[in-house]
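Have a look at target_15.txt; it's compact mmCIF, C-alpha atoms and all ligand atoms:
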```txt
# COMPACT_ATOMS: atom_id res chain seq x y z
CA MET E 1177 141.17 84.86 116.75
CA THR E 1178 138.57 87.08 115.08
CA LEU E 1179 139.53 88.64 111.78
CA ASP E 1180 138.91 92.33 111.22
CA PRO E 1181 135.90 92.71 108.94
CA GLU E 1182 136.36 94.00 105.41
CA PRO E 1183 136.28 97.83 105.58
CA LEU E 1184 133.04 99.43 104.40
CA PRO E 1185 133.22 101.67 101.35
CA LYS E 1186 134.35 105.16 102.41
CA THR E 1187 131.10 106.64 101.05
CA THR E 1188 129.15 104.40 103.45
CA SER E 1189 131.28 105.50 106.41
CA ILE E 1190 130.65 109.14 105.47
CA GLN E 1191 126.92 108.50 105.05
CA LEU E 1192 126.74 106.91 108.50
CA PHE E 1193 128.60 109.86 110.01
CA LYS E 1194 126.22 112.32 108.35
CA SER E 1195 123.20 110.47 109.63
CA LEU E 1196 124.59 110.27 113.17
CA PHE E 1197 125.54 113.94 113.13
CA LEU E 1198 122.10 114.93 111.85
CA ALA E 1199 120.37 113.15 114.74
CA ARG E 1200 122.82 114.44 117.36
CA ARG E 1201 122.80 118.04 116.18
CA SER E 1202 119.02 118.12 115.84
CA GLU E 1203 118.74 117.04 119.46
CA GLU E 1204 121.44 119.46 120.60
CA TYR E 1205 119.30 122.15 119.01
CA ILE E 1206 116.29 120.88 120.97
CA VAL E 1207 118.24 120.85 124.26
CA LYS E 1208 119.29 124.46 123.70
CA HIS E 1209 115.92 125.83 122.61
CA TYR E 1210 113.39 123.73 124.54
CA PRO E 1211 113.38 126.18 127.48
CA GLU E 1212 111.95 128.87 125.14
CA ASN E 1213 108.72 126.86 125.46
CA LEU E 1214 107.87 127.03 121.76
CA MET E 1215 108.18 123.28 121.31
CA ARG E 1216 105.15 122.26 123.39
CA THR E 1217 105.67 118.51 123.39
CA PRO E 1218 107.25 116.07 125.82
CA MET E 1219 110.68 115.01 124.56
CA HIS E 1220 112.13 111.51 124.84
CA MET E 1221 115.63 112.04 123.59
CA SER E 1222 117.62 109.53 121.54
CA MET E 1223 120.98 111.08 122.40
CA GLY E 1224 123.62 108.38 122.91
CA GLN E 1225 121.64 105.61 121.25
CA GLU E 1226 121.32 107.11 117.75
CA PHE E 1227 123.80 104.63 116.29
CA VAL E 1228 121.24 101.82 116.57
CA SER E 1229 118.59 103.25 114.25
CA VAL E 1230 121.18 104.98 112.06
CA GLY E 1231 123.02 101.70 111.44
CA VAL E 1232 119.85 99.69 110.86
CA CYS E 1233 118.07 102.20 108.59
CA ALA E 1234 121.20 102.69 106.47
CA ALA E 1235 121.57 98.93 106.10
CA LEU E 1236 118.01 98.59 104.82
CA GLU E 1237 118.63 101.18 102.10
CA GLY E 1238 115.12 102.66 102.00
CA LYS E 1239 113.44 99.23 101.86
CA ALA E 1240 112.29 99.40 105.48
CA ASP E 1241 108.87 100.15 106.91
CA VAL E 1242 109.81 101.61 110.27
CA PHE E 1243 107.74 101.40 113.45
CA ALA E 1244 109.11 103.28 116.45
CA SER E 1245 108.41 104.10 120.06
CA TYR E 1246 108.03 107.58 121.57
CA ARG E 1247 111.87 107.74 121.60
CA SER E 1248 111.86 108.18 117.85
CA HIS E 1249 113.88 111.27 116.89
CA ALA E 1250 116.91 109.33 115.68
CA ALA E 1251 114.83 106.65 113.94
CA PHE E 1252 112.76 109.27 112.14
CA LEU E 1253 115.76 111.27 110.97
CA ALA E 1254 117.78 108.16 110.08
CA GLN E 1255 114.95 106.94 107.87
CA THR E 1256 113.71 110.20 106.34
CA HIS E 1257 116.54 112.77 106.80
CA ASP E 1258 113.65 115.24 106.71
CA THR E 1259 114.41 118.06 109.14
CA ASP E 1260 111.63 120.24 107.67
CA LEU E 1261 108.91 117.79 108.70
CA PHE E 1262 110.67 116.99 111.96
CA PHE E 1263 111.04 120.53 113.29
CA SER E 1264 107.65 121.62 111.98
CA GLU E 1265 106.05 118.89 114.07
CA LEU E 1266 108.05 119.74 117.19
CA TYR E 1267 107.07 123.40 116.82
CA GLY E 1268 103.40 122.39 116.45
CA ARG E 1269 103.00 123.67 112.91
CA SER E 1270 100.58 122.63 110.14
CA SER E 1271 103.55 121.63 107.98
CA GLY E 1272 104.60 118.92 110.47
CA THR E 1273 104.15 115.17 110.19
CA GLY E 1274 100.86 115.27 112.09
CA GLU E 1275 99.94 118.88 111.30
CA GLY E 1276 101.76 119.77 114.50
CA LYS E 1277 99.25 117.90 116.65
CA GLY E 1278 101.22 114.71 117.29
CA GLY E 1279 104.47 116.12 118.61
CA SER E 1280 107.68 114.30 119.37
CA MET E 1281 106.06 111.00 120.39
CA HIS E 1282 103.99 110.55 117.23
CA LEU E 1283 106.33 111.29 114.35
CA ALA E 1284 105.17 109.50 111.22
CA SER E 1285 105.79 109.88 107.51
CA PRO E 1286 104.48 106.72 105.84
CA GLY E 1287 105.46 107.88 102.35
CA GLN E 1288 109.07 107.98 103.51
CA GLY E 1289 108.90 104.61 105.26
CA HIS E 1290 108.49 105.85 108.84
CA ILE E 1291 105.05 104.39 109.36
CA LEU E 1292 104.40 105.35 112.97
CA SER E 1293 105.74 106.17 116.40
CA SER E 1294 103.72 105.22 119.46
CA GLY E 1295 103.62 106.64 122.96
CA VAL E 1296 102.19 103.45 124.44
CA VAL E 1297 104.99 101.04 125.30
CA ALA E 1298 105.25 98.04 122.91
CA THR E 1299 102.15 98.89 120.83
CA GLN E 1300 104.20 99.48 117.70
CA ILE E 1301 105.40 95.86 117.76
CA PRO E 1302 102.24 93.97 116.67
CA VAL E 1303 101.51 96.60 114.03
CA ALA E 1304 104.93 95.95 112.52
CA VAL E 1305 104.08 92.25 112.40
CA GLY E 1306 100.93 93.15 110.45
CA ALA E 1307 103.05 95.13 108.01
CA GLY E 1308 105.42 92.17 107.74
CA PHE E 1309 102.44 89.97 106.87
CA ALA E 1310 101.30 92.43 104.19
CA ASN E 1311 104.82 92.66 102.76
CA MET E 1312 105.03 88.89 102.60
CA ARG E 1313 101.63 88.47 100.93
CA LEU E 1314 102.19 91.30 98.46
CA GLY E 1315 105.78 90.24 97.72
CA THR E 1316 107.10 93.78 98.16
CA GLY E 1317 110.58 92.67 99.27
CA ARG E 1318 110.38 95.27 102.04
CA THR E 1319 111.19 94.62 105.68
CA ALA E 1320 109.10 95.77 108.62
CA VAL E 1321 111.57 97.09 111.19
CA VAL E 1322 110.40 97.75 114.71
CA PHE E 1323 112.45 99.68 117.26
CA PHE E 1324 111.62 99.31 120.94
CA GLY E 1325 113.32 99.47 124.31
CA ASP E 1326 114.20 96.60 126.63
CA GLY E 1327 111.22 97.68 128.75
CA ALA E 1328 108.89 96.84 125.86
CA ALA E 1329 110.20 93.28 126.08
CA ASP E 1330 108.55 93.12 129.53
CA ALA E 1331 105.20 93.24 127.70
CA GLY E 1332 103.36 90.11 126.66
CA VAL E 1333 102.62 91.56 123.24
CA PHE E 1334 106.33 91.47 122.39
CA TRP E 1335 106.40 87.69 122.85
CA GLU E 1336 103.08 87.20 121.08
CA SER E 1337 104.32 89.26 118.14
CA LEU E 1338 107.55 87.30 117.95
CA ASN E 1339 105.59 84.07 118.00
CA VAL E 1340 103.30 85.13 115.15
CA ALA E 1341 106.18 86.50 113.05
CA ALA E 1342 108.07 83.22 113.51
CA LEU E 1343 104.98 81.09 112.90
CA TYR E 1344 104.14 82.83 109.62
CA ARG E 1345 107.81 83.24 108.67
CA LEU E 1346 107.53 86.98 108.23
CA PRO E 1347 110.29 89.40 107.19
CA VAL E 1348 110.22 91.42 110.39
CA MET E 1349 113.28 92.82 112.11
CA PHE E 1350 112.79 93.29 115.84
CA VAL E 1351 115.38 95.79 117.07
CA CYS E 1352 115.70 96.13 120.82
CA GLU E 1353 117.46 99.37 121.76
CA ASP E 1354 118.68 97.84 124.97
CA ASN E 1355 119.69 100.80 127.15
CA GLY E 1356 119.22 98.65 130.25
CA TYR E 1357 116.44 100.69 131.89
CA ALA E 1358 112.68 101.17 131.79
CA VAL E 1359 112.65 104.75 133.12
CA ASP E 1360 114.85 104.11 136.19
CA THR E 1361 114.31 100.36 136.72
CA PRO E 1362 117.15 98.14 135.51
CA ARG E 1363 116.41 95.15 133.30
CA GLU E 1364 117.62 92.67 135.96
CA ALA E 1365 114.84 93.87 138.28
CA ARG E 1366 112.15 93.20 135.66
CA GLN E 1367 113.08 90.16 133.58
CA VAL E 1368 113.96 86.59 134.50
CA PRO E 1369 116.11 85.64 131.48
CA ALA E 1370 119.72 86.73 131.97
CA SER E 1371 119.87 87.38 128.24
CA LEU E 1372 117.03 88.47 125.97
CA THR E 1373 119.06 87.33 122.98
CA GLU E 1374 119.14 83.78 124.39
CA ALA E 1375 115.48 83.78 125.47
CA VAL E 1376 114.35 84.76 122.00
CA LYS E 1377 116.18 81.79 120.45
CA ALA E 1378 113.35 79.53 121.58
CA PHE E 1379 111.39 81.05 118.70
CA VAL E 1380 112.39 80.15 115.18
CA CYS E 1381 114.13 83.37 114.39
CA ASP E 1382 117.71 84.53 114.15
CA SER E 1383 118.83 86.25 117.32
CA TYR E 1384 121.82 88.60 117.37
CA GLU E 1385 123.51 90.71 120.02
CA ASP E 1386 125.78 93.72 119.59
CA ASP E 1387 127.53 95.58 122.38
CA SER E 1388 130.12 97.39 120.27
CA GLY E 1389 128.55 100.83 120.57
CA ASP E 1390 129.67 101.25 116.97
CA VAL E 1391 127.44 102.33 114.09
CA GLU E 1392 129.39 100.32 111.51
CA SER E 1393 129.06 97.17 113.57
CA VAL E 1394 125.28 97.65 113.75
CA TYR E 1395 125.18 98.41 110.02
CA ARG E 1396 126.99 95.16 109.17
CA LEU E 1397 124.85 93.17 111.56
CA ALA E 1398 121.61 94.54 110.12
CA ARG E 1399 122.73 93.96 106.53
CA GLY E 1400 123.51 90.33 107.22
CA ALA E 1401 120.35 89.87 109.27
CA VAL E 1402 117.97 91.31 106.69
CA GLU E 1403 119.51 89.27 103.90
CA LYS E 1404 119.11 86.07 105.94
CA ALA E 1405 115.59 86.98 107.06
CA HIS E 1406 114.44 87.16 103.45
CA ARG E 1407 116.48 84.19 102.25
CA GLU E 1408 115.36 81.87 105.03
CA ARG E 1409 111.96 83.45 105.47
CA ARG E 1410 112.05 84.13 109.17
CA PRO E 1411 112.20 87.12 111.48
CA ALA E 1412 115.36 88.52 113.04
CA PHE E 1413 115.87 89.84 116.56
CA LEU E 1414 118.69 92.32 117.13
CA ASN E 1415 119.55 93.18 120.71
CA VAL E 1416 121.78 96.22 120.58
CA LYS E 1417 123.25 97.43 123.85
CA CYS E 1418 123.24 101.20 124.09
CA CYS E 1419 123.04 104.09 126.51
CA ARG E 1420 120.55 106.91 126.88
CA TYR E 1421 122.62 109.94 127.84
CA LEU E 1422 119.77 112.17 129.05
CA GLU E 1423 116.86 111.71 131.42
CA HIS E 1424 114.01 109.36 130.47
CA VAL E 1425 111.78 112.24 129.41
CA GLY E 1426 112.97 115.80 129.07
CA THR E 1427 116.11 117.45 127.82
CA GLY E 1428 118.23 117.46 130.97
CA ASP E 1429 120.34 114.85 132.68
CA ASP E 1430 119.22 112.69 135.60
CA TRP E 1431 122.38 111.90 137.54
CA HIS E 1432 120.73 113.33 140.68
CA TRP E 1433 118.12 110.52 140.57
CA GLY E 1434 120.83 108.14 141.73
CA TYR E 1435 119.72 105.05 139.77
CA ARG E 1436 122.87 105.03 137.64
CA ASP E 1437 126.40 106.14 138.18
CA LYS E 1438 127.61 109.07 136.13
CA ALA E 1439 131.28 108.03 136.25
CA ALA E 1440 130.44 104.51 135.04
CA VAL E 1441 128.28 105.81 132.17
CA GLU E 1442 131.04 108.21 131.15
CA ARG E 1443 133.63 105.48 131.32
CA GLU E 1444 131.62 102.75 129.60
CA TRP E 1445 129.68 104.75 127.02
CA ILE E 1446 130.33 108.46 126.63
CA SER E 1447 134.09 107.96 126.29
CA ARG E 1448 133.46 105.78 123.20
CA ASP E 1449 130.53 107.78 121.86
CA ALA E 1450 129.48 106.43 118.45
CA LEU E 1451 129.48 109.81 116.74
CA LEU E 1452 132.97 110.65 117.97
CA GLN E 1453 134.21 107.19 116.99
CA GLN E 1454 132.86 107.65 113.50
CA ARG E 1455 134.50 111.07 113.21
CA VAL E 1456 137.85 109.54 114.18
CA ARG E 1457 137.25 106.80 111.64
CA LEU E 1458 136.72 109.35 108.85
CA ALA E 1459 139.99 110.99 109.78
CA SER E 1460 141.71 107.59 109.63
CA LEU E 1461 140.23 107.18 106.13
CA GLN E 1462 142.19 110.27 105.11
CA MET E 1463 139.23 112.64 105.18
CA SER E 1464 140.67 116.03 106.05
CA GLU E 1465 139.48 118.00 109.08
CA SER E 1466 138.21 120.76 106.80
CA ALA E 1467 136.21 118.27 104.74
CA ILE E 1468 134.62 116.85 107.91
CA VAL E 1469 133.83 120.35 109.17
CA ALA E 1470 132.25 121.17 105.80
CA VAL E 1471 129.92 118.17 106.19
CA GLU E 1472 129.01 119.29 109.70
CA ASP E 1473 128.40 122.89 108.61
CA GLU E 1474 126.09 121.78 105.84
CA ILE E 1475 123.98 119.80 108.31
CA ASP E 1476 123.90 122.71 110.76
CA ARG E 1477 122.70 125.00 107.96
CA ALA E 1478 119.97 122.51 107.02
CA ILE E 1479 118.76 122.41 110.63
CA ARG E 1480 118.71 126.21 110.90
CA ALA E 1481 116.81 126.48 107.60
CA SER E 1482 114.24 123.92 108.75
CA VAL E 1483 113.70 125.73 112.03
CA ALA E 1484 113.30 129.05 110.18
CA LYS E 1485 110.70 127.47 107.86
CA ALA E 1486 108.88 125.91 110.81
CA SER E 1487 108.63 129.20 112.64
CA GLN E 1488 107.04 130.84 109.57
CA ALA E 1489 104.45 128.04 109.18
CA PRO E 1490 100.94 128.40 110.62
CA ILE E 1491 99.75 126.77 113.82
CA PRO E 1492 96.68 124.62 113.03
CA GLY E 1493 93.35 126.18 113.91
CA PRO E 1494 90.65 124.57 116.08
CA GLU E 1495 88.82 123.37 112.95
CA ARG E 1496 91.71 120.91 112.37
CA LEU E 1497 91.42 119.36 115.83
CA TYR E 1498 89.81 116.11 114.68
CA ALA E 1499 91.39 115.99 111.20
CA GLY E 1500 93.45 112.83 110.77
CA VAL E 1501 92.16 111.44 114.06
CA PHE E 1502 90.23 108.19 113.93
CA HIS E 1503 86.83 108.46 115.51
CA GLU E 1504 83.45 106.84 114.98
CA LYS E 1505 80.18 108.67 115.27
CA ALA E 1506 78.02 107.19 118.01
C1 LIG E 1601 101.56 100.56 128.17
C2 LIG E 1601 102.42 101.59 128.84
N1 LIG E 1601 102.81 101.38 130.13
C3 LIG E 1601 103.57 102.29 130.75
C4 LIG E 1601 103.96 103.45 130.11
C5 LIG E 1601 104.85 104.44 130.83
N2 LIG E 1601 106.21 104.32 130.30
C6 LIG E 1601 106.65 105.19 129.38
S1 LIG E 1601 108.19 104.81 128.89
C7 LIG E 1601 108.31 103.50 129.91
C8 LIG E 1601 109.56 102.67 129.97
C9 LIG E 1601 109.86 101.95 128.71
O1 LIG E 1601 111.20 101.53 128.68
P1 LIG E 1601 111.85 100.94 127.39
O2 LIG E 1601 110.86 100.14 126.62
O3 LIG E 1601 113.09 100.25 127.80
O4 LIG E 1601 112.19 102.18 126.48
P2 LIG E 1601 113.13 103.43 126.71
O5 LIG E 1601 112.26 104.48 127.36
O6 LIG E 1601 114.28 103.00 127.54
O7 LIG E 1601 113.51 103.85 125.34
C10 LIG E 1601 107.14 103.35 130.63
C11 LIG E 1601 106.92 102.30 131.63
C12 LIG E 1601 103.52 103.64 128.79
N3 LIG E 1601 103.87 104.70 128.08
N4 LIG E 1601 102.78 102.68 128.18
```

Render the structure in this file as structure tokens.
Amino acid sequence: MTLDPEPLPKTTSIQLFKSLFLARRSEEYIVKHYPENLMRTPMHMSMGQEFVSVGVCAALEGKADVFASYRSHAAFLAQTHDTDLFFSELYGRSSGTGEGKGGSMHLASPGQGHILSSGVVATQIPVAVGAGFANMRLGTGRTAVVFFGDGAADAGVFWESLNVAALYRLPVMFVCEDNGYAVDTPREARQVPASLTEAVKAFVCDSYEDDSGDVESVYRLARGAVEKAHRERRPAFLNVKCCRYLEHVGTGDDWHWGYRDKAAVEREWISRDALLQQRVRLASLQMSESAIVAVEDEIDRAIRASVAKASQAPIPGPERLYAGVFHEKA
């Protein structure tokens, strides 16, 4: 028999709902307005899997240095809550995270703990290990958190990074957003181990799996994992099962591709959507419908205000083309 966990404080449940709603609504805005062709950047949407980064970032309470993949909208917003920077970047404006030149795949705001996002599969992982090394040497108490997909675990650099983090006993949290696919290829067609969580145990790190689809479950898991990682001085690996609702890249769906079954995804994931679950939970905590709607309205207003600001901001001129870009003179 498993005992129900101690309920989280109501303020935490509300905070998690807000963070989930912020990520979801921001992407719903993108879906609606992308066809206007003013956001000139490829979009890898987080929709459906936001609960992973929302739960982890909330659990780390601002003491995380986050490294993300190109699918970074939810991670960026969960860590920074900064819709001004976010929409400015998507609209290609000077006020964005990369002066509007990086776009959706390269969101970064180091001062707010979102160190980088990378478009090249798995490349964020070794950099996070470097940050973990620096945090350990400098005694900052911070945790390097790296988000990546199950496809990134096909790459050798994932295993090398895990090895180094375990060898040097670094406070790194490896978070696999395991949506089961690399583009349209299922994990079983790419990896020998039946379970990544089990395979990783060969390294001296704590390996956890979560298939609840629930933001509070991820939050609890990450809180326990980060505490243990620092106490026992070793990395943690979190394999969180999740589902990408939209196509691999773009803002539409991909049911017509035929690599996954719409009815099964609806049954197994969309019917227990993490945001909806959290909304129901707030109601069960005696939060009134009008109070929930007020929270939602406030977030919608913040998104609209950020978009309005972004559209007033300048587009960078050609003289800024190489600014902030590493290059060496020949
Ligand atoms: C080194 C490298 N190889 C291939 C690609 C093309 N590519 C982009 S996303 C992707 C699949 C990655 O899947 P996963 O890591 O599971 O992340 P998800 O897209 O599911 O979030 C591939 C192969 C790339 N960007 N970088």

| Got a sec: who's within 9 Å of E:Leu1236, counting all atoms listed in the file, leaving out chain neighbours fewer than 3 positions off, as a PyMOL selection string? | chain E and resi 1231-1233+1239-1240+1318-1319+1395+1398-1399+1402

Produce a file of the selected residues containing C-alpha atoms, as a PDB file, in the frame of the given file.
```pdb
ATOM      1  CA  GLY E1231     123.020 101.700 111.440  1.00  0.00           C
ATOM      2  CA  VAL E1232     119.850  99.690 110.860  1.00  0.00           C
ATOM      3  CA  CYS E1233     118.070 102.200 108.590  1.00  0.00           C
ATOM      4  CA  LYS E1239     113.440  99.230 101.860  1.00  0.00           C
ATOM      5  CA  ALA E1240     112.290  99.400 105.480  1.00  0.00           C
ATOM      6  CA  ARG E1318     110.380  95.270 102.040  1.00  0.00           C
ATOM      7  CA  THR E1319     111.190  94.620 105.680  1.00  0.00           C
ATOM      8  CA  TYR E1395     125.180  98.410 110.020  1.00  0.00           C
ATOM      9  CA  ALA E1398     121.610  94.540 110.120  1.00  0.00           C
ATOM     10  CA  ARG E1399     122.730  93.960 106.530  1.00  0.00           C
ATOM     11  CA  VAL E1402     117.970  91.310 106.690  1.00  0.00           C
TER      12      VAL E1402
END
```

| Taking all atoms listed in the file into account, which of E:Asp1260, E:Glu1265, E:Glu1204, E:Glu1353 comes nearest ligand LIG 1601 (chain E)? | E:Glu1353

Please produce, as JSON lines, a per-residue contact table for chain E versus ligand LIG 1601 (chain E) (criterion: any atom at most 8 Å away, only C-alpha atoms and all ligand atoms considered), showing the nearest atom pair and its distance in Å to one decimal, sorted by chain then residue number.
```
{"residue": "E:His1220", "atom": "CA", "partner": "E:LIG1601", "partner_atom": "O5", "distance": 7.5}
{"residue": "E:Ser1222", "atom": "CA", "partner": "E:LIG1601", "partner_atom": "O7", "distance": 8.0}
{"residue": "E:Ser1245", "atom": "CA", "partner": "E:LIG1601", "partner_atom": "O7", "distance": 7.3}
{"residue": "E:Tyr1246", "atom": "CA", "partner": "E:LIG1601", "partner_atom": "O7", "distance": 7.6}
{"residue": "E:Arg1247", "atom": "CA", "partner": "E:LIG1601", "partner_atom": "O7", "distance": 5.6}
{"residue": "E:Gly1295", "atom": "CA", "partner": "E:LIG1601", "partner_atom": "N3", "distance": 5.5}
{"residue": "E:Val1296", "atom": "CA", "partner": "E:LIG1601", "partner_atom": "N4", "distance": 3.9}
{"residue": "E:Val1297", "atom": "CA", "partner": "E:LIG1601", "partner_atom": "N4", "distance": 4.0}
{"residue": "E:Ala1298", "atom": "CA", "partner": "E:LIG1601", "partner_atom": "C1", "distance": 6.9}
{"residue": "E:Thr1299", "atom": "CA", "partner": "E:LIG1601", "partner_atom": "C1", "distance": 7.6}
{"residue": "E:Phe1324", "atom": "CA", "partner": "E:LIG1601", "partner_atom": "O2", "distance": 5.8}
{"residue": "E:Gly1325", "atom": "CA", "partner": "E:LIG1601", "partner_atom": "O2", "distance": 3.4}
{"residue": "E:Asp1326", "atom": "CA", "partner": "E:LIG1601", "partner_atom": "O3", "distance": 4.0}
{"residue": "E:Gly1327", "atom": "CA", "partner": "E:LIG1601", "partner_atom": "O2", "distance": 3.3}
{"residue": "E:Ala1328", "atom": "CA", "partner": "E:LIG1601", "partner_atom": "O2", "distance": 3.9}
{"residue": "E:Ala1329", "atom": "CA", "partner": "E:LIG1601", "partner_atom": "O2", "distance": 6.9}
{"residue": "E:Asp1330", "atom": "CA", "partner": "E:LIG1601", "partner_atom": "O2", "distance": 7.9}
{"residue": "E:Glu1353", "atom": "CA", "partner": "E:LIG1601", "partner_atom": "O7", "distance": 7.0}
{"residue": "E:Asp1354", "atom": "CA", "partner": "E:LIG1601", "partner_atom": "O3", "distance": 6.7}
{"residue": "E:Asn1355", "atom": "CA", "partner": "E:LIG1601", "partner_atom": "O6", "distance": 5.9}
{"residue": "E:Gly1356", "atom": "CA", "partner": "E:LIG1601", "partner_atom": "O3", "distance": 6.8}
{"residue": "E:Tyr1357", "atom": "CA", "partner": "E:LIG1601", "partner_atom": "O3", "distance": 5.3}
{"residue": "E:Ala1358", "atom": "CA", "partner": "E:LIG1601", "partner_atom": "O1", "distance": 3.5}
{"residue": "E:Val1359", "atom": "CA", "partner": "E:LIG1601", "partner_atom": "C8", "distance": 4.9}
{"residue": "E:Arg1420", "atom": "CA", "partner": "E:LIG1601", "partner_atom": "O6", "distance": 7.4}
{"residue": "E:His1424", "atom": "CA", "partner": "E:LIG1601", "partner_atom": "O5", "distance": 6.0}
```

| Within 10 Å of (128.3, 99.2, 114.8), only C-alpha atoms: residues as an MDAnalysis selection string? | chainID E and resid 1227:1228 1230:1232 1386:1398 1416 1450 1454

| In Å, how far is it from atom CA of E:Arg1216 to atom CA of E:Gly1289? |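 Between atom CA of E:Arg1216 and atom CA of E:Gly1289 the gap works out to 25.6 Å.
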
| message | Using only C-alpha atoms, which protein or nucleic acid residues come within 10 Å of E:Thr1188? Drop anything in the same chain fewer than 5 positions from it, and give the result as a PyMOL selection string. | response | chain E and resi 1183+1193-1194+1234-1235+1392+1395

| message | So, with all atoms listed in the file as the atoms that count, which of E:Phe1323, E:Phe1263, E:Phe1379, E:Phe1243 lies closest to E:Ala1307? | response |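 Of the candidates, the smallest distance to E:Ala1307 is held by E:Phe1243.
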
| So which residues touch stretch 1451-1453 of chain E within 7 Å, counting only C-alpha atoms, skipping near sequence neighbours fewer than 4 positions away, as JSON, numbers by chain? | {"E": [1193, 1196, 1197, 1457]}

| field | stretch 1251-1255 of chain E surroundings by only C-alpha atoms, 6 Å radius, close-in-sequence under 2 positions cut, as a list in words | value | Ser1195, Ser1229, Val1230, Cys1233, Ser1248, His1249 and His1257 of chain E

Please produce a file of those selected residues containing C-alpha atoms, as a compact mmCIF listing (two decimals), keeping the file's coordinate frame.
```
# COMPACT_ATOMS: atom_id res chain seq x y z
CA SER E 1195 123.20 110.47 109.63
CA SER E 1229 118.59 103.25 114.25
CA VAL E 1230 121.18 104.98 112.06
CA CYS E 1233 118.07 102.20 108.59
CA SER E 1248 111.86 108.18 117.85
CA HIS E 1249 113.88 111.27 116.89
CA HIS E 1257 116.54 112.77 106.80
```

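Proximity to E:Thr1427 at 7 Å, evaluated using all atoms listed in the file and with sequence-adjacent residues fewer than 3 positions away removed, yields Val1207, Met1219, Met1221, Leu1422 and Glu1423 of chain E.
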
Requested write-out: C-alpha atoms of the selected residues, as a PDB file, in the frame of the given file:
```
ATOM      1  CA  VAL E1207     118.240 120.850 124.260  1.00  0.00           C
ATOM      2  CA  MET E1219     110.680 115.010 124.560  1.00  0.00           C
ATOM      3  CA  MET E1221     115.630 112.040 123.590  1.00  0.00           C
ATOM      4  CA  LEU E1422     119.770 112.170 129.050  1.00  0.00           C
ATOM      5  CA  GLU E1423     116.860 111.710 131.420  1.00  0.00           C
TER       6      GLU E1423
END
```

Quick one: 5 Å padding each side, axis-aligned, all listed atoms of stretch 1349-1362 of chain E - centre and edge lengths in Å to one decimal, as JSON?
```
{"center_x": 116.2, "center_y": 98.8, "center_z": 124.4, "size_x": 17.0, "size_y": 21.9, "size_z": 34.6}
```

| field | Pairwise distance for atom CA of E:Ser1337 and atom CA of E:Leu1283, rounded to one decimal in Å | value |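 That distance, rounded to one decimal, is 22.4 Å.
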
| So how many Å separate atom CA of E:Glu1444 and atom CA of E:Glu1226, to one decimal? | 16.3 Å

| task | Please tell me which residues are no farther than 12 Å from (117.7, 85.6, 121.9) in the file, counting all atoms listed in the file, and write them as a VMD selection string. | result | chain E and resid 1329 1335 1338 1350 to 1352 1369 to 1386 1411 to 1416

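Remark: for E:Asp1430, the closest of the candidate residues E:Asp1360, E:Ile1475, E:Gly1268, E:Gly1315 is E:Asp1360 (distances computed over all atoms listed in the file).
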
| task | Go through E:Pro1218, E:Pro1347, E:Pro1302, E:Gly1428 and flag the residue nearest E:Phe1334, using all atoms listed in the file for the distances. | result | E:Pro1302

| query | Quick one: of E:Arg1407, E:Lys1208, E:Lys1505, E:Lys1485, who's nearest to E:Gly1272, counting only C-alpha atoms? | reply |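 For E:Gly1272, the nearest of the candidates is E:Lys1485.
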
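Minimum atom-to-atom distances from E:Ala1341, E:Cys1419, E:Trp1433, E:Asp1180 to E:Ile1446 were compared using all atoms listed in the file, and the lowest value belongs to E:Cys1419.
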